[in-house]
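This is protein-v4.pdb (PDB, C-alpha atoms).
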ATOM      1  CA  MET H 201      -9.673  12.534  -8.281  1.00  0.00           C
ATOM      2  CA  GLY H 202      -8.296  12.902  -4.756  1.00  0.00           C
ATOM      3  CA  GLN H 203      -7.384  10.114  -2.452  1.00  0.00           C
ATOM      4  CA  THR H 204      -9.453   9.487   0.636  1.00  0.00           C
ATOM      5  CA  ARG H 205      -7.436   8.347   3.643  1.00  0.00           C
ATOM      6  CA  LEU H 206      -8.801   6.119   6.353  1.00  0.00           C
ATOM      7  CA  ALA H 207      -8.619   7.770   9.759  1.00  0.00           C
ATOM      8  CA  GLY H 208      -5.451   6.749  11.577  1.00  0.00           C
ATOM      9  CA  SER H 209      -4.270   4.269   8.954  1.00  0.00           C
ATOM     10  CA  GLY H 210      -2.844   6.529   6.272  1.00  0.00           C
ATOM     11  CA  GLU H 211      -4.144   4.107   3.642  1.00  0.00           C
ATOM     12  CA  ASP H 212      -6.138   5.217   0.627  1.00  0.00           C
ATOM     13  CA  SER H 213      -9.727   4.010   1.123  1.00  0.00           C
ATOM     14  CA  ARG H 214      -9.951   3.201  -2.594  1.00  0.00           C
ATOM     15  CA  ALA H 215      -7.065   0.759  -2.198  1.00  0.00           C
ATOM     16  CA  THR H 216      -8.822  -0.815   0.779  1.00  0.00           C
ATOM     17  CA  GLU H 217     -11.997  -1.273  -1.281  1.00  0.00           C
ATOM     18  CA  LEU H 218     -10.074  -2.754  -4.199  1.00  0.00           C
ATOM     19  CA  ARG H 219      -8.122  -5.102  -1.934  1.00  0.00           C
ATOM     20  CA  ALA H 220     -11.352  -6.361  -0.338  1.00  0.00           C
ATOM     21  CA  ALA H 221     -13.104  -6.789  -3.691  1.00  0.00           C
ATOM     22  CA  VAL H 222     -10.186  -8.669  -5.251  1.00  0.00           C
ATOM     23  CA  SER H 223      -9.916 -10.884  -2.188  1.00  0.00           C
ATOM     24  CA  ARG H 224     -13.633 -11.714  -2.311  1.00  0.00           C
ATOM     25  CA  LEU H 225     -13.574 -12.613  -6.008  1.00  0.00           C
ATOM     26  CA  ARG H 226     -10.428 -14.704  -5.547  1.00  0.00           C
ATOM     27  CA  ARG H 227     -12.091 -16.652  -2.721  1.00  0.00           C
ATOM     28  CA  GLU H 228     -15.304 -17.166  -4.670  1.00  0.00           C
ATOM     29  CA  LEU H 229     -13.399 -18.208  -7.784  1.00  0.00           C
ATOM     30  CA  ALA H 230     -11.299 -20.677  -5.768  1.00  0.00           C
ATOM     31  CA  GLY H 231     -14.465 -22.144  -4.265  1.00  0.00           C
ATOM     32  CA  HIS H 232     -16.354 -22.356  -7.541  1.00  0.00           C
ATOM     33  CA  PRO H 233     -16.790 -26.070  -8.275  1.00  0.00           C
ATOM     34  CA  VAL H 234     -16.972 -25.884 -12.057  1.00  0.00           C
ATOM     35  CA  ASP H 235     -13.836 -25.447 -14.102  1.00  0.00           C
ATOM     36  CA  PHE H 236     -14.048 -23.196 -17.159  1.00  0.00           C
ATOM     37  CA  PRO H 237     -11.536 -22.465 -19.917  1.00  0.00           C
ATOM     38  CA  ASP H 238     -10.494 -18.940 -18.893  1.00  0.00           C
ATOM     39  CA  ARG H 239     -10.268 -19.529 -15.145  1.00  0.00           C
ATOM     40  CA  GLY H 240      -6.467 -19.184 -15.251  1.00  0.00           C
ATOM     41  CA  ILE H 241      -6.745 -15.802 -16.946  1.00  0.00           C
ATOM     42  CA  ALA H 242      -9.074 -14.553 -14.221  1.00  0.00           C
ATOM     43  CA  GLU H 243      -6.763 -15.848 -11.487  1.00  0.00           C
ATOM     44  CA  ASP H 244      -3.711 -14.260 -13.125  1.00  0.00           C
ATOM     45  CA  GLU H 245      -5.386 -10.870 -13.553  1.00  0.00           C
ATOM     46  CA  LEU H 246      -6.712 -10.899  -9.992  1.00  0.00           C
ATOM     47  CA  ALA H 247      -3.117 -11.490  -8.893  1.00  0.00           C
ATOM     48  CA  VAL H 248      -2.058  -8.490 -11.008  1.00  0.00           C
ATOM     49  CA  LEU H 249      -4.685  -6.280  -9.323  1.00  0.00           C
ATOM     50  CA  ALA H 250      -3.666  -7.529  -5.877  1.00  0.00           C
ATOM     51  CA  ALA H 251      -0.009  -6.771  -6.607  1.00  0.00           C
ATOM     52  CA  MET H 252      -0.813  -3.282  -7.888  1.00  0.00           C
ATOM     53  CA  VAL H 253      -2.840  -2.373  -4.838  1.00  0.00           C
ATOM     54  CA  ALA H 254      -0.162  -3.834  -2.538  1.00  0.00           C
ATOM     55  CA  GLY H 255       2.427  -1.728  -4.354  1.00  0.00           C
ATOM     56  CA  GLY H 256       0.562   1.431  -3.420  1.00  0.00           C
ATOM     57  CA  GLN H 257       0.247   3.137  -6.806  1.00  0.00           C
ATOM     58  CA  PRO H 258      -2.131   1.254  -9.118  1.00  0.00           C
ATOM     59  CA  GLU H 259      -2.002   2.234 -12.789  1.00  0.00           C
ATOM     60  CA  ILE H 260      -5.547   3.024 -13.901  1.00  0.00           C
ATOM     61  CA  PRO H 261      -5.190   1.867 -17.534  1.00  0.00           C
ATOM     62  CA  ARG H 262      -3.649  -1.433 -16.397  1.00  0.00           C
ATOM     63  CA  MET H 263      -6.347  -1.892 -13.745  1.00  0.00           C
ATOM     64  CA  ARG H 264      -9.018  -1.412 -16.389  1.00  0.00           C
ATOM     65  CA  ARG H 265      -7.316  -3.881 -18.718  1.00  0.00           C
ATOM     66  CA  SER H 266      -7.222  -6.458 -15.923  1.00  0.00           C
ATOM     67  CA  LEU H 267     -10.881  -5.788 -15.174  1.00  0.00           C
ATOM     68  CA  LEU H 268     -11.817  -6.383 -18.818  1.00  0.00           C
ATOM     69  CA  LEU H 269      -9.867  -9.624 -18.924  1.00  0.00           C
ATOM     70  CA  ILE H 270     -11.443 -10.818 -15.673  1.00  0.00           C
ATOM     71  CA  ALA H 271     -14.925  -9.896 -16.866  1.00  0.00           C
ATOM     72  CA  GLY H 272     -14.341 -11.730 -20.125  1.00  0.00           C
ATOM     73  CA  ALA H 273     -13.083 -14.771 -18.270  1.00  0.00           C
ATOM     74  CA  VAL H 274     -15.796 -15.066 -15.606  1.00  0.00           C
ATOM     75  CA  GLY H 275     -18.627 -12.979 -17.039  1.00  0.00           C
ATOM     76  CA  SER H 276     -20.655 -16.009 -18.053  1.00  0.00           C
ATOM     77  CA  VAL H 277     -20.473 -17.519 -14.562  1.00  0.00           C
ATOM     78  CA  SER H 278     -23.489 -15.911 -12.935  1.00  0.00           C
ATOM     79  CA  ALA H 279     -22.531 -17.088  -9.442  1.00  0.00           C
ATOM     80  CA  LEU H 280     -19.463 -14.818  -9.617  1.00  0.00           C
ATOM     81  CA  GLY H 281     -21.413 -11.790 -10.869  1.00  0.00           C
ATOM     82  CA  PRO H 282     -21.827  -9.945  -7.556  1.00  0.00           C
ATOM     83  CA  ALA H 283     -18.150 -10.327  -6.649  1.00  0.00           C
ATOM     84  CA  LEU H 284     -17.118  -9.247 -10.162  1.00  0.00           C
ATOM     85  CA  MET H 285     -19.346  -6.167  -9.847  1.00  0.00           C
ATOM     86  CA  GLN H 286     -17.656  -5.303  -6.557  1.00  0.00           C
ATOM     87  CA  VAL H 287     -14.252  -5.403  -8.283  1.00  0.00           C
ATOM     88  CA  ARG H 288     -15.575  -3.186 -11.075  1.00  0.00           C
ATOM     89  CA  GLN H 289     -16.950  -0.664  -8.590  1.00  0.00           C
ATOM     90  CA  ALA H 290     -13.646  -0.642  -6.703  1.00  0.00           C
ATOM     91  CA  VAL H 291     -11.683  -0.014  -9.907  1.00  0.00           C
ATOM     92  CA  ASP H 292     -14.119   2.787 -10.784  1.00  0.00           C
ATOM     93  CA  LEU H 293     -13.230   4.543  -7.516  1.00  0.00           C
ATOM     94  CA  PHE H 294      -9.852   5.342  -9.045  1.00  0.00           C
ATOM     95  CA  GLY H 295     -11.495   7.418 -11.772  1.00  0.00           C
ATOM     96  CA  GLU H 296     -11.570   7.330 -15.513  1.00  0.00           C
ATOM     97  CA  ALA H 297      -8.653   6.141 -17.560  1.00  0.00           C
ATOM     98  CA  PRO H 298      -7.254   8.895 -19.770  1.00  0.00           C
ATOM     99  CA  ARG H 299      -8.599   8.737 -23.320  1.00  0.00           C
ATOM    100  CA  GLY H 300      -6.081   7.659 -25.905  1.00  0.00           C
ATOM    101  CA  ARG H 301      -5.512   9.425 -29.169  1.00  0.00           C
ATOM    102  CA  GLY H 302      -7.241   8.236 -32.269  1.00  0.00           C
TER     103      GLY H 302
END

Please, can you express the file's structure as structure tokens?
Amino acid sequence: MGQTRLAGSGEDSRATELRAAVSRLRRELAGHPVDFPDRGIAEDELAVLAAMVAGGQPEIPRMRRSLLLIAGAVGSVSALGPALMQVRQAVDLFGEAPRGRG
């Protein structure tokens, strides 16, 4: 899948979408008043996604692993659902992860 550049910025538009989605979910998670057991996992994996996108070359399999961990950690918190979906859609912009053997 090709990269789409933003006019004049030279930045991949997929990275921009992912950065915005991760930022939104991080803000909403930080503002969520109820603590839950896997909150730390979600925060850690959002940090991983943010670092990958800041680095410029996100690894699709690792992004998908982070997404699964985040979804497992916050999936039962319905208030975070829309922001989680935005992260999923942003990860999907990078294309399918290669299928493993076996």

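For the file shown, the residue list from the PyMOL selection byres ((chain H and resi 242-254) around 6) reads Ala215, Arg239, Gly240, Ile241, Gly255, Gly256, Pro258, Ser266, Ile270 and Ala273 of chain H.
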
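Distance-wise, atom CA of Leu225 of chain H and atom CA of Ala290 of chain H end up 12.0 Å apart.
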
Kindly resolve the PyMOL selection byres ((chain H and resi 280) around 10) on the present coordinates and return the residues as a PyMOL selection string.
chain H and resi 224-226+228-229+232+271+274-279+281-285

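Between Gln286 of chain H and the candidates H:Arg265, H:Pro237, H:Ala221, H:Thr216, the tightest atom-to-atom separation, counting only C-alpha atoms, involves H:Ala221.
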
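Closest to Val291 of chain H among H:Ala220, H:Phe236, H:Leu268, H:Met263 is H:Met263, based on only C-alpha atoms.
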
For atom CA of Leu267 of chain H and atom CA of Gln289 of chain H, the interatomic separation in Å (one decimal)
10.3 Å

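Atom pair atom CA of Arg219 of chain H / atom CA of Leu269 of chain H: separated by 17.7 Å.
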
Restore all heavy atoms in segment 240-251 of chain H and list the result as a CSV table (one decimal), keeping the file's coordinate frame.
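Result went into out02.csv, see below:
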chain,number,residue,atom,x,y,z
H,240,GLY,N,-7.9,-19.6,-15.5
H,240,GLY,CA,-6.5,-19.2,-15.3
H,240,GLY,C,-6.2,-17.7,-15.6
H,240,GLY,O,-5.5,-17.0,-14.8
H,241,ILE,N,-6.9,-17.2,-16.6
H,241,ILE,CA,-6.7,-15.8,-16.9
H,241,ILE,C,-7.3,-14.9,-15.8
H,241,ILE,O,-6.7,-14.0,-15.4
H,241,ILE,CB,-7.5,-15.5,-18.3
H,241,ILE,CG1,-6.8,-16.2,-19.4
H,241,ILE,CG2,-7.6,-14.0,-18.5
H,241,ILE,CD1,-7.5,-16.2,-20.7
H,242,ALA,N,-8.5,-15.3,-15.3
H,242,ALA,CA,-9.1,-14.6,-14.2
H,242,ALA,C,-8.2,-14.6,-13.0
H,242,ALA,O,-8.0,-13.5,-12.4
H,242,ALA,CB,-10.4,-15.1,-13.9
H,243,GLU,N,-7.6,-15.7,-12.7
H,243,GLU,CA,-6.8,-15.8,-11.5
H,243,GLU,C,-5.5,-15.0,-11.7
H,243,GLU,O,-5.1,-14.3,-10.7
H,243,GLU,CB,-6.4,-17.3,-11.2
H,243,GLU,CG,-7.6,-18.1,-10.8
H,243,GLU,CD,-7.4,-19.6,-10.8
H,243,GLU,OE1,-6.4,-20.1,-11.4
H,243,GLU,OE2,-8.2,-20.3,-10.1
H,244,ASP,N,-4.9,-15.0,-12.9
H,244,ASP,CA,-3.7,-14.3,-13.1
H,244,ASP,C,-4.0,-12.8,-13.0
H,244,ASP,O,-3.2,-12.0,-12.4
H,244,ASP,CB,-3.2,-14.6,-14.5
H,244,ASP,CG,-2.5,-16.0,-14.6
H,244,ASP,OD1,-2.3,-16.6,-13.6
H,244,ASP,OD2,-2.3,-16.4,-15.8
H,245,GLU,N,-5.1,-12.3,-13.6
H,245,GLU,CA,-5.4,-10.9,-13.6
H,245,GLU,C,-5.8,-10.4,-12.2
H,245,GLU,O,-5.5,-9.3,-11.8
H,245,GLU,CB,-6.5,-10.5,-14.6
H,245,GLU,CG,-6.0,-10.7,-16.0
H,245,GLU,CD,-4.7,-9.9,-16.3
H,245,GLU,OE1,-4.6,-8.7,-15.9
H,245,GLU,OE2,-3.8,-10.4,-17.1
H,246,LEU,N,-6.4,-11.3,-11.4
H,246,LEU,CA,-6.7,-10.9,-10.0
H,246,LEU,C,-5.4,-10.8,-9.2
H,246,LEU,O,-5.3,-9.9,-8.4
H,246,LEU,CB,-7.6,-11.9,-9.3
H,246,LEU,CG,-9.1,-11.8,-9.8
H,246,LEU,CD1,-9.9,-13.1,-9.4
H,246,LEU,CD2,-9.8,-10.6,-9.2
H,247,ALA,N,-4.4,-11.6,-9.5
H,247,ALA,CA,-3.1,-11.5,-8.9
H,247,ALA,C,-2.4,-10.2,-9.3
H,247,ALA,O,-1.8,-9.5,-8.5
H,247,ALA,CB,-2.2,-12.7,-9.3
H,248,VAL,N,-2.6,-9.8,-10.5
H,248,VAL,CA,-2.1,-8.5,-11.0
H,248,VAL,C,-2.7,-7.3,-10.2
H,248,VAL,O,-2.0,-6.4,-9.7
H,248,VAL,CB,-2.3,-8.3,-12.5
H,248,VAL,CG1,-2.0,-6.9,-13.0
H,248,VAL,CG2,-1.4,-9.3,-13.3
H,249,LEU,N,-4.0,-7.3,-10.1
H,249,LEU,CA,-4.7,-6.3,-9.3
H,249,LEU,C,-4.2,-6.3,-7.9
H,249,LEU,O,-4.0,-5.2,-7.3
H,249,LEU,CB,-6.2,-6.4,-9.4
H,249,LEU,CG,-6.9,-6.0,-10.7
H,249,LEU,CD1,-8.4,-6.4,-10.6
H,249,LEU,CD2,-6.6,-4.6,-11.0
H,250,ALA,N,-4.1,-7.4,-7.3
H,250,ALA,CA,-3.7,-7.5,-5.9
H,250,ALA,C,-2.3,-7.0,-5.7
H,250,ALA,O,-2.0,-6.2,-4.8
H,250,ALA,CB,-3.7,-9.0,-5.4
H,251,ALA,N,-1.4,-7.3,-6.7
H,251,ALA,CA,0.0,-6.8,-6.6
H,251,ALA,C,0.0,-5.3,-6.8
H,251,ALA,O,0.8,-4.6,-6.1
H,251,ALA,CB,0.8,-7.5,-7.7
